[in-house]
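Structure file start.cif (mmCIF, C-alpha atoms) follows.
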```
data_model
#
loop_
_atom_site.group_PDB
_atom_site.id
_atom_site.type_symbol
_atom_site.label_atom_id
_atom_site.label_comp_id
_atom_site.auth_asym_id
_atom_site.auth_seq_id
_atom_site.Cartn_x
_atom_site.Cartn_y
_atom_site.Cartn_z
ATOM 1 C CA MET A 1 8.586 22.256 -22.736
ATOM 2 C CA ARG A 2 6.217 19.367 -22.060
ATOM 3 C CA SER A 3 8.694 17.025 -23.737
ATOM 4 C CA ILE A 4 11.240 17.938 -21.094
ATOM 5 C CA ILE A 5 8.737 17.068 -18.353
ATOM 6 C CA TYR A 6 8.162 13.630 -19.919
ATOM 7 C CA LEU A 7 11.881 13.113 -20.238
ATOM 8 C CA VAL A 8 12.545 14.059 -16.606
ATOM 9 C CA ILE A 9 9.787 11.712 -15.399
ATOM 10 C CA GLY A 10 11.253 8.937 -17.550
ATOM 11 C CA VAL A 11 14.794 9.503 -16.252
ATOM 12 C CA PHE A 12 13.498 9.447 -12.703
ATOM 13 C CA PHE A 13 11.566 6.236 -13.414
ATOM 14 C CA GLY A 14 14.664 4.620 -14.938
ATOM 15 C CA ILE A 15 16.821 5.517 -11.945
ATOM 16 C CA VAL A 16 14.192 4.175 -9.516
ATOM 17 C CA MET A 17 13.870 0.922 -11.503
ATOM 18 C CA TYR A 18 17.632 0.421 -11.506
ATOM 19 C CA LYS A 19 18.365 1.492 -7.933
ATOM 20 C CA SER A 20 15.434 -0.405 -6.415
ATOM 21 C CA GLU A 21 16.767 -3.537 -8.178
ATOM 22 C CA ALA A 22 13.291 -4.073 -9.633
ATOM 23 C CA ALA A 23 15.181 -4.310 -12.947
ATOM 24 C CA SER A 24 17.288 -7.199 -11.649
ATOM 25 C CA TRP A 25 16.484 -10.686 -12.916
ATOM 26 C CA PHE A 26 17.607 -12.048 -9.542
ATOM 27 C CA ARG A 27 15.020 -9.999 -7.649
ATOM 28 C CA ILE A 28 12.219 -11.269 -9.872
ATOM 29 C CA TYR A 29 13.366 -14.860 -9.400
ATOM 30 C CA GLU A 30 13.586 -14.360 -5.627
ATOM 31 C CA MET A 31 10.094 -12.840 -5.625
ATOM 32 C CA PHE A 32 8.543 -15.862 -7.343
ATOM 33 C CA GLN A 33 10.435 -18.081 -4.888
ATOM 34 C CA PHE A 34 8.848 -16.096 -2.021
ATOM 35 C CA LYS A 35 12.284 -15.808 -0.411
ATOM 36 C CA ALA A 36 12.387 -12.063 0.228
ATOM 37 C CA PHE A 37 10.017 -9.245 1.030
ATOM 38 C CA HIS A 38 11.845 -6.716 -1.179
ATOM 39 C CA MET A 39 9.738 -6.861 -4.385
ATOM 40 C CA TYR A 40 6.499 -7.302 -2.448
ATOM 41 C CA GLY A 41 7.461 -4.253 -0.398
ATOM 42 C CA ILE A 42 8.078 -2.209 -3.552
ATOM 43 C CA ILE A 43 4.855 -3.215 -5.287
ATOM 44 C CA GLY A 44 2.846 -3.126 -2.047
ATOM 45 C CA SER A 45 3.993 0.321 -0.937
ATOM 46 C CA ALA A 46 3.647 1.731 -4.470
ATOM 47 C CA LEU A 47 0.146 0.329 -4.568
ATOM 48 C CA GLY A 48 -0.775 1.553 -1.079
ATOM 49 C CA MET A 49 0.326 5.082 -1.938
ATOM 50 C CA GLY A 50 -1.203 4.736 -5.402
ATOM 51 C CA ILE A 51 -4.625 3.881 -4.000
ATOM 52 C CA ILE A 52 -4.500 6.948 -1.737
ATOM 53 C CA VAL A 53 -3.452 9.146 -4.690
ATOM 54 C CA VAL A 54 -6.090 7.888 -7.140
ATOM 55 C CA GLN A 55 -8.943 7.712 -4.646
ATOM 56 C CA SER A 56 -8.124 11.248 -3.416
ATOM 57 C CA ILE A 57 -8.088 12.587 -6.980
ATOM 58 C CA LYS A 58 -11.477 10.974 -7.581
ATOM 59 C CA ARG A 59 -13.105 11.972 -4.306
ATOM 60 C CA TYR A 60 -11.898 15.577 -4.192
ATOM 61 C CA LYS A 61 -12.121 15.989 -7.973
ATOM 62 C CA ILE A 62 -8.533 17.233 -8.086
ATOM 63 C CA LYS A 63 -7.711 18.902 -11.392
ATOM 64 C CA SER A 64 -4.519 18.301 -13.340
ATOM 65 C CA PHE A 65 -1.684 20.868 -13.325
ATOM 66 C CA TYR A 66 -3.225 22.219 -16.522
ATOM 67 C CA GLY A 67 -6.630 22.678 -14.858
ATOM 68 C CA LYS A 68 -8.267 19.756 -16.656
ATOM 69 C CA GLN A 69 -10.358 16.992 -15.174
ATOM 70 C CA ILE A 70 -8.414 13.767 -14.571
ATOM 71 C CA ILE A 71 -10.221 10.892 -16.233
ATOM 72 C CA PHE A 72 -9.949 7.222 -15.286
ATOM 73 C CA ILE A 73 -11.255 4.913 -17.963
ATOM 74 C CA PRO A 74 -12.669 1.680 -16.517
ATOM 75 C CA LYS A 75 -11.179 -1.386 -18.184
ATOM 76 C CA GLU A 76 -13.473 -3.603 -20.237
ATOM 77 C CA LYS A 77 -15.100 -6.267 -18.112
ATOM 78 C CA SER A 78 -13.854 -9.738 -18.884
ATOM 79 C CA ILE A 79 -11.997 -12.554 -17.193
ATOM 80 C CA GLY A 80 -10.489 -14.629 -19.984
ATOM 81 C CA ARG A 81 -8.215 -12.092 -21.635
ATOM 82 C CA TYR A 82 -6.856 -10.796 -18.345
ATOM 83 C CA LEU A 83 -6.248 -14.221 -16.880
ATOM 84 C CA ILE A 84 -4.803 -15.889 -20.000
ATOM 85 C CA GLY A 85 -2.880 -12.793 -21.099
ATOM 86 C CA GLY A 86 -1.668 -12.314 -17.545
ATOM 87 C CA ILE A 87 -0.422 -15.910 -17.283
ATOM 88 C CA ILE A 88 1.430 -15.606 -20.619
ATOM 89 C CA PHE A 89 2.984 -12.336 -19.462
ATOM 90 C CA GLY A 90 3.973 -13.898 -16.120
ATOM 91 C CA LEU A 91 5.702 -16.835 -17.816
ATOM 92 C CA GLY A 92 7.816 -14.418 -19.847
ATOM 93 C CA TRP A 93 8.413 -12.021 -16.961
ATOM 94 C CA ALA A 94 9.859 -14.829 -14.826
ATOM 95 C CA LEU A 95 11.987 -16.134 -17.700
ATOM 96 C CA VAL A 96 13.694 -12.890 -18.756
ATOM 97 C CA GLY A 97 13.275 -11.152 -15.390
ATOM 98 C CA ALA A 98 12.244 -7.895 -16.980
ATOM 99 C CA CYS A 99 8.907 -6.268 -17.710
ATOM 100 C CA PRO A 100 8.378 -3.575 -20.370
ATOM 101 C CA GLY A 101 9.695 -0.674 -18.249
ATOM 102 C CA PRO A 102 12.916 -2.162 -16.834
ATOM 103 C CA MET A 103 13.771 -3.648 -20.253
ATOM 104 C CA PHE A 104 14.602 -0.172 -21.474
ATOM 105 C CA THR A 105 16.334 0.779 -18.249
ATOM 106 C CA LEU A 106 18.676 -2.191 -18.672
ATOM 107 C CA ILE A 107 19.657 -1.052 -22.165
ATOM 108 C CA GLY A 108 20.789 2.223 -20.642
ATOM 109 C CA ALA A 109 22.672 0.302 -17.955
ATOM 110 C CA GLY A 110 24.662 -1.298 -20.757
ATOM 111 C CA TYR A 111 23.227 -4.813 -21.046
ATOM 112 C CA ILE A 112 23.193 -5.175 -24.820
ATOM 113 C CA PRO A 113 21.594 -8.689 -24.923
ATOM 114 C CA VAL A 114 18.410 -7.064 -23.550
ATOM 115 C CA LEU A 115 17.918 -5.796 -27.102
ATOM 116 C CA VAL A 116 17.048 -9.390 -28.048
ATOM 117 C CA VAL A 117 14.293 -9.316 -25.410
ATOM 118 C CA ILE A 118 12.970 -5.956 -26.622
ATOM 119 C CA VAL A 119 12.870 -6.965 -30.287
ATOM 120 C CA SER A 120 11.141 -10.225 -29.314
ATOM 121 C CA ALA A 121 8.636 -8.337 -27.167
ATOM 122 C CA LEU A 122 7.870 -6.097 -30.161
ATOM 123 C CA LEU A 123 7.381 -9.211 -32.251
ATOM 124 C CA GLY A 124 5.106 -10.708 -29.571
ATOM 125 C CA THR A 125 3.039 -7.519 -29.558
ATOM 126 C CA PHE A 126 2.869 -7.651 -33.352
ATOM 127 C CA VAL A 127 1.713 -11.284 -33.344
ATOM 128 C CA TYR A 128 -1.032 -10.384 -30.866
ATOM 129 C CA GLY A 129 -2.161 -7.539 -33.136
ATOM 130 C CA VAL A 130 -2.390 -9.895 -36.082
ATOM 131 C CA ILE A 131 -4.216 -12.823 -34.444
ATOM 132 C CA ARG A 132 -6.230 -11.026 -31.774
ATOM 133 C CA HIS A 133 -9.540 -11.560 -33.598
ATOM 134 C CA LYS A 134 -9.089 -15.291 -33.240
ATOM 135 C CA LEU A 135 -8.459 -15.126 -29.489
ATOM 136 C CA PRO A 136 -11.089 -15.248 -26.742
ATOM 137 C CA HIS A 137 -11.354 -11.882 -24.991
ATOM 138 C CA MET B 1 24.241 11.116 0.934
ATOM 139 C CA ASP B 2 26.062 7.796 0.755
ATOM 140 C CA TRP B 3 22.775 5.910 0.787
ATOM 141 C CA ILE B 4 22.128 7.053 -2.777
ATOM 142 C CA PHE B 5 24.927 4.806 -3.980
ATOM 143 C CA GLU B 6 23.559 1.796 -2.090
ATOM 144 C CA PRO B 7 20.587 -0.202 -3.400
ATOM 145 C CA TRP B 8 17.417 1.677 -2.480
ATOM 146 C CA PRO B 9 15.146 -0.038 0.067
ATOM 147 C CA TRP B 10 11.582 -0.933 -0.873
ATOM 148 C CA TYR B 11 10.063 1.736 1.395
ATOM 149 C CA ILE B 12 11.851 4.428 -0.621
ATOM 150 C CA SER B 13 11.395 2.853 -4.069
ATOM 151 C CA GLY B 14 7.712 1.926 -3.799
ATOM 152 C CA PRO B 15 6.470 5.408 -2.808
ATOM 153 C CA LEU B 16 8.693 6.926 -5.544
ATOM 154 C CA ILE B 17 6.908 4.751 -8.119
ATOM 155 C CA ALA B 18 3.577 6.023 -6.775
ATOM 156 C CA LEU B 19 4.971 9.555 -7.083
ATOM 157 C CA ILE B 20 5.780 8.933 -10.766
ATOM 158 C CA MET B 21 2.220 7.748 -11.349
ATOM 159 C CA PHE B 22 0.928 10.839 -9.498
ATOM 160 C CA PHE B 23 2.952 13.232 -11.683
ATOM 161 C CA LEU B 24 1.808 11.496 -14.868
ATOM 162 C CA LEU B 25 -1.839 11.735 -13.761
ATOM 163 C CA MET B 26 -1.377 15.391 -12.873
ATOM 164 C CA ILE B 27 -0.208 16.168 -16.398
ATOM 165 C CA GLY B 28 -3.120 14.231 -17.866
ATOM 166 C CA LYS B 29 -1.278 10.996 -18.718
ATOM 167 C CA ASN B 30 -1.382 7.391 -17.567
ATOM 168 C CA PHE B 31 1.387 5.228 -16.203
ATOM 169 C CA GLY B 32 1.707 2.230 -18.545
ATOM 170 C CA MET B 33 4.879 1.036 -20.208
ATOM 171 C CA SER B 34 3.763 -1.789 -22.494
ATOM 172 C CA ASP B 35 1.690 0.632 -24.617
ATOM 173 C CA ASN B 36 5.032 1.715 -26.003
ATOM 174 C CA LEU B 37 5.601 -1.690 -27.582
ATOM 175 C CA ARG B 38 2.410 -1.223 -29.587
ATOM 176 C CA THR B 39 3.397 2.320 -30.522
ATOM 177 C CA LEU B 40 6.827 1.153 -31.678
ATOM 178 C CA CYS B 41 5.161 -1.522 -33.827
ATOM 179 C CA SER B 42 3.041 1.206 -35.441
ATOM 180 C CA LEU B 43 6.148 3.304 -35.999
ATOM 181 C CA CYS B 44 7.730 0.368 -37.814
ATOM 182 C CA GLY B 45 4.767 0.189 -40.186
ATOM 183 C CA ALA B 46 2.780 -2.651 -38.582
ATOM 184 C CA GLY B 47 -0.400 -0.749 -39.491
ATOM 185 C CA LYS B 48 -0.085 -2.186 -42.990
ATOM 186 C CA THR B 49 -0.596 -5.705 -41.647
ATOM 187 C CA SER B 50 -3.094 -5.193 -38.840
ATOM 188 C CA ASP B 51 -5.472 -2.358 -38.045
ATOM 189 C CA PHE B 52 -4.573 -2.907 -34.369
ATOM 190 C CA PHE B 53 -1.543 -0.787 -35.192
ATOM 191 C CA LYS B 54 -3.431 1.794 -37.223
ATOM 192 C CA PHE B 55 -3.717 4.683 -34.834
ATOM 193 C CA ASP B 56 -2.229 8.096 -34.431
ATOM 194 C CA TRP B 57 1.060 7.132 -32.828
ATOM 195 C CA LYS B 58 1.975 10.772 -32.449
ATOM 196 C CA ALA B 59 -0.586 10.978 -29.630
ATOM 197 C CA GLN B 60 1.655 8.452 -27.838
ATOM 198 C CA ARG B 61 4.851 10.389 -28.485
ATOM 199 C CA TRP B 62 4.926 11.527 -24.861
ATOM 200 C CA ASN B 63 5.183 7.910 -23.681
ATOM 201 C CA LEU B 64 8.090 7.231 -26.046
ATOM 202 C CA ILE B 65 9.868 10.198 -24.486
ATOM 203 C CA VAL B 66 9.270 8.624 -21.057
ATOM 204 C CA VAL B 67 10.912 5.445 -22.402
ATOM 205 C CA LEU B 68 13.860 7.428 -23.709
ATOM 206 C CA GLY B 69 14.139 8.865 -20.210
ATOM 207 C CA ALA B 70 13.983 5.357 -18.701
ATOM 208 C CA ILE B 71 16.988 4.389 -20.845
ATOM 209 C CA ILE B 72 18.929 7.465 -19.715
ATOM 210 C CA GLY B 73 17.837 6.779 -16.133
ATOM 211 C CA GLY B 74 19.277 3.266 -16.357
ATOM 212 C CA PHE B 75 22.555 4.716 -17.587
ATOM 213 C CA ILE B 76 22.716 7.293 -14.781
ATOM 214 C CA GLY B 77 21.641 4.762 -12.156
ATOM 215 C CA SER B 78 24.275 2.214 -13.065
ATOM 216 C CA TYR B 79 27.222 4.422 -14.061
ATOM 217 C CA TYR B 80 26.871 7.378 -11.689
ATOM 218 C CA LEU B 81 24.723 6.263 -8.761
ATOM 219 C CA SER B 82 26.099 2.823 -7.938
ATOM 220 C CA ASN B 83 29.344 1.704 -6.360
ATOM 221 C CA GLU B 84 28.667 -1.960 -6.664
ATOM 222 C CA THR B 85 26.124 -3.829 -8.759
ATOM 223 C CA ALA B 86 25.867 -7.189 -6.981
ATOM 224 C CA VAL B 87 22.304 -7.838 -5.841
ATOM 225 C CA ALA B 88 22.140 -9.155 -2.297
ATOM 226 C CA ILE B 89 19.454 -11.769 -2.726
ATOM 227 C CA ASN B 90 18.592 -14.366 -0.105
ATOM 228 C CA PRO B 91 21.540 -16.817 0.357
ATOM 229 C CA GLU B 92 19.128 -19.733 -0.040
ATOM 230 C CA VAL B 93 18.178 -18.390 -3.462
ATOM 231 C CA ILE B 94 21.852 -18.039 -4.393
ATOM 232 C CA GLU B 95 22.441 -21.666 -3.485
ATOM 233 C CA ASN B 96 19.368 -22.735 -5.410
ATOM 234 C CA LEU B 97 20.398 -20.761 -8.498
ATOM 235 C CA GLN B 98 23.939 -22.126 -8.396
ATOM 236 C CA SER B 99 22.556 -25.639 -8.389
ATOM 237 C CA LEU B 100 20.705 -24.705 -11.599
ATOM 238 C CA GLY B 101 23.943 -23.443 -13.145
ATOM 239 C CA PHE B 102 23.628 -19.715 -12.426
ATOM 240 C CA ASN B 103 27.074 -19.170 -10.936
ATOM 241 C CA SER B 104 26.764 -15.381 -11.125
ATOM 242 C CA ALA B 105 23.967 -15.391 -8.498
ATOM 243 C CA GLY B 106 24.808 -12.951 -5.710
ATOM 244 C CA LYS B 107 27.737 -11.463 -7.639
ATOM 245 C CA THR B 108 26.158 -9.433 -10.436
ATOM 246 C CA TYR B 109 23.103 -7.293 -11.247
ATOM 247 C CA LEU B 110 21.908 -9.639 -13.979
ATOM 248 C CA PRO B 111 22.872 -13.292 -14.550
ATOM 249 C CA THR B 112 25.880 -13.362 -16.875
ATOM 250 C CA GLU B 113 24.526 -16.692 -18.157
ATOM 251 C CA LEU B 114 21.764 -14.711 -19.930
ATOM 252 C CA TYR B 115 22.874 -11.086 -20.150
ATOM 253 C CA ASP B 116 26.621 -11.030 -20.633
ATOM 254 C CA MET B 117 27.710 -10.347 -24.223
ATOM 255 C CA SER B 118 29.117 -13.888 -24.327
ATOM 256 C CA ALA B 119 25.597 -15.247 -23.767
ATOM 257 C CA LEU B 120 24.761 -14.138 -27.312
ATOM 258 C CA THR B 121 26.901 -16.983 -28.629
ATOM 259 C CA HIS B 122 24.903 -19.620 -26.736
ATOM 260 C CA ILE B 123 21.840 -20.852 -28.559
ATOM 261 C CA LYS B 124 20.108 -21.785 -25.303
ATOM 262 C CA SER B 125 20.574 -18.335 -23.756
ATOM 263 C CA VAL B 126 19.428 -16.496 -26.872
ATOM 264 C CA SER B 127 16.426 -18.831 -27.238
ATOM 265 C CA ILE B 128 15.401 -18.055 -23.669
ATOM 266 C CA LEU B 129 15.680 -14.302 -24.259
ATOM 267 C CA ILE B 130 13.633 -14.579 -27.458
ATOM 268 C CA LEU B 131 10.952 -16.821 -25.945
ATOM 269 C CA GLY B 132 10.656 -14.675 -22.819
ATOM 270 C CA GLY B 133 10.433 -11.494 -24.887
ATOM 271 C CA LEU B 134 7.726 -12.959 -27.118
ATOM 272 C CA LEU B 135 5.669 -14.040 -24.092
ATOM 273 C CA VAL B 136 6.028 -10.649 -22.403
ATOM 274 C CA GLY B 137 5.048 -8.710 -25.532
ATOM 275 C CA PHE B 138 2.167 -10.982 -26.467
ATOM 276 C CA GLY B 139 0.887 -11.407 -22.905
ATOM 277 C CA ALA B 140 1.051 -7.721 -22.034
ATOM 278 C CA ARG B 141 -1.086 -6.756 -25.016
ATOM 279 C CA TYR B 142 -3.511 -9.663 -24.576
ATOM 280 C CA ALA B 143 -3.949 -8.715 -20.918
ATOM 281 C CA GLY B 144 -4.173 -5.025 -21.874
ATOM 282 C CA GLY B 145 -1.239 -3.937 -19.737
ATOM 283 C CA CYS B 146 1.820 -4.968 -17.764
ATOM 284 C CA THR B 147 3.151 -4.442 -14.272
ATOM 285 C CA SER B 148 2.870 -0.644 -14.438
ATOM 286 C CA GLY B 149 -0.498 -0.508 -16.187
ATOM 287 C CA HIS B 150 -2.250 -3.219 -14.166
ATOM 288 C CA ALA B 151 -0.366 -3.825 -10.887
ATOM 289 C CA ILE B 152 0.179 -0.116 -10.181
ATOM 290 C CA SER B 153 -2.227 2.050 -12.228
ATOM 291 C CA GLY B 154 -5.145 -0.369 -12.517
ATOM 292 C CA LEU B 155 -5.068 -1.659 -8.956
ATOM 293 C CA SER B 156 -4.690 1.891 -7.595
ATOM 294 C CA ASP B 157 -7.971 2.610 -9.362
ATOM 295 C CA LEU B 158 -9.400 -0.572 -7.750
ATOM 296 C CA GLN B 159 -10.128 -2.120 -11.152
ATOM 297 C CA GLY B 160 -11.304 -5.733 -11.057
ATOM 298 C CA PRO B 161 -9.782 -6.624 -14.450
ATOM 299 C CA SER B 162 -6.367 -5.480 -13.215
ATOM 300 C CA LEU B 163 -6.635 -7.755 -10.194
ATOM 301 C CA ILE B 164 -7.369 -10.703 -12.493
ATOM 302 C CA ALA B 165 -4.394 -9.756 -14.687
ATOM 303 C CA VAL B 166 -2.037 -9.484 -11.696
ATOM 304 C CA ILE B 167 -3.224 -12.864 -10.394
ATOM 305 C CA GLY B 168 -2.416 -14.163 -13.892
ATOM 306 C CA PHE B 169 1.076 -12.596 -13.756
ATOM 307 C CA PHE B 170 1.782 -14.514 -10.577
ATOM 308 C CA ILE B 171 0.275 -17.809 -11.746
ATOM 309 C CA GLY B 172 2.504 -17.608 -14.835
ATOM 310 C CA GLY B 173 5.593 -16.515 -12.931
ATOM 311 C CA ILE B 174 5.257 -19.120 -10.185
ATOM 312 C CA PHE B 175 4.637 -21.874 -12.735
ATOM 313 C CA MET B 176 7.719 -20.820 -14.703
ATOM 314 C CA ILE B 177 10.027 -20.701 -11.671
ATOM 315 C CA HIS B 178 8.784 -23.747 -9.796
ATOM 316 C CA VAL B 179 7.737 -26.115 -12.585
ATOM 317 C CA LEU B 180 9.460 -25.122 -15.829
ATOM 318 C CA PHE B 181 12.827 -23.856 -14.533
ATOM 319 C CA PRO B 182 13.971 -27.249 -13.219
ATOM 320 C CA ILE B 183 13.156 -28.673 -16.676
ATOM 321 C CA ILE B 184 14.770 -25.865 -18.704
ATOM 322 C CA PHE B 185 17.947 -25.522 -16.603
#
```
Entire entry expressed as structure tokens:
Amino acid sequence: MRSIIYLVIGVFFGIVMYKSEAASWFRIYEMFQFKAFHMYGIIGSALGMGIIVVQSIKRYKIKSFYGKQIIFIPKEKSIGRYLIGGIIFGLGWALVGACPGPMFTLIGAGYIPVLVVIVSALLGTFVYGVIRHKLPH
Amino acid sequence: MDWIFEPWPWYISGPLIALIMFFLLMIGKNFGMSDNLRTLCSLCGAGKTSDFFKFDWKAQRWNLIVVLGAIIGGFIGSYYLSNETAVAINPEVIENLQSLGFNSAGKTYLPTELYDMSALTHIKSVSILILGGLLVGFGARYAGGCTSGHAISGLSDLQGPSLIAVIGFFIGGIFMIHVLFPIIF
């Protein structure tokens, strides 16, 4: 039963990514060129609503649908890993025009070469896992 | 209902993304897509090489199902909910991209120069896809999240680290587009 809920949420997410054009390479390029409001509007309005949602859950101690407390785990404090990791991610995001969600959406939309991006992203994740002890965090 | 078949405006799409995050929180989960890359590595046996991948991946099964849904959603969105796939980007950007050799700008959903099947026979295109994928996978894990985990989930929770990560995303992206693109293309 719960699996169906996850699947429905995923399908909905995929449709939104495709139809909003957030999965389009061109939109990402245009965003980094600052030539349209579209992507900023998507991220900004998602974030605006998101802040209201999360802060309301925290303030009014809203329970999950299953009656459990909703926990937000604070991220480890650091600057280096977020800044360096973020910059590396941004370089790749701009190059392939897809982040880890839309990548999968594009496979469904029939763009087979995206598989090359996904396999490479898995490899990148693997490399991080192997050398992470040597990196500043 | 015709609007469904048109590209969805930002003021519909953005709140829908927040709604997805809300539903995930309400069933006790977190919105974060790049975690799946780590889980898939574990599934492929990466735990033998690095203990970073030694964890109970079954606890992340739910997120893999979300990904499966995202694939199906992409299929439905493109084959059943769209009449036309051209992305109406700013004409200035189209001109700029054409000068870089992207002749499909303004005509397709993705640049055919990178994502058409024929691109797989061009070493340059494939190298770009591989390099970009590596950077995304490596960077997302190093930064502890991607666009969904940091820019949406983390920032909604007003987390400082997520703000630093998102600033990093934009430094990297802007540098790639404005400095490296003219060199690469």
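Evaluated against this file, the PyMOL selection byres ((chain A and resi 47) around 9) yields Ile42, Ile43, Gly44, Ser45, Ala46, Gly48, Met49, Gly50, Ile51 and Ile52 of chain A; Gly14, Pro15, Ile17, Ala18, Ala151, Ile152, Ser153, Leu155 and Ser156 of chain B.
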For Ile128 (chain B), list every protein, DNA or RNA residue within 10 Å, evaluated using only C-alpha atoms, and leave out those in the same chain fewer than 2 positions away; present the list as a VMD selection string.
(chain A and resid 92 95 to 96 116 to 117) or (chain B and resid 114 123 to 126 130 to 134 184)
Which polymer residues have any atom within 10 Å of an atom of Ile94 (chain B), counting all atoms listed in the file, with same-chain residues fewer than 3 positions away left out, as number ranges by chain?
A: 26, 30; B: 88-91, 97-100, 102-107
Listed atoms of region 22-32 of chain A boxed axis-aligned with 4 Å per side, centre + edges as JSON:
```
{"center_x": 13.1, "center_y": -10.0, "center_z": -9.3, "size_x": 17.1, "size_y": 19.8, "size_z": 15.3}
```
Suppose you want the space between CA of Met17 (chain A) and CA of Thr105 (chain A); what is it in Å?
7.2 Å
Using all atoms listed in the file, determine which residues of chain A fall within 6 Å of chain B; present them as a PyMOL selection string.
chain A and resi 6-7+10-11+13-15+18-20+24-25+32+38+41-42+45-47+49-51+64-65+81-83+85-92+94-96+100-101+104-106+108-109+113+117+120-122+124-125+128-130
Could you tell me how far CA of Leu123 (chain A) sits from CA of Met31 (chain A), in Å to one decimal place?
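Between CA of Met31 (chain A) and CA of Leu123 (chain A) the gap is 27.0 Å.
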note - CA of Lys58 (chain A) and CA of Ile4 (chain A) are separated by 27.3 Å
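In terms of minimum interatomic distance to Lys77 (chain A), A:His137 ranks closest within A:Phe37, A:Lys61, A:His137, A:Met1, counting all atoms listed in the file.
The residue that comes closest to Leu135 (chain A), out of A:Pro74, A:Gly110, A:Ile62, A:Gly80 and on the basis of all atoms listed in the file, is A:Gly80.
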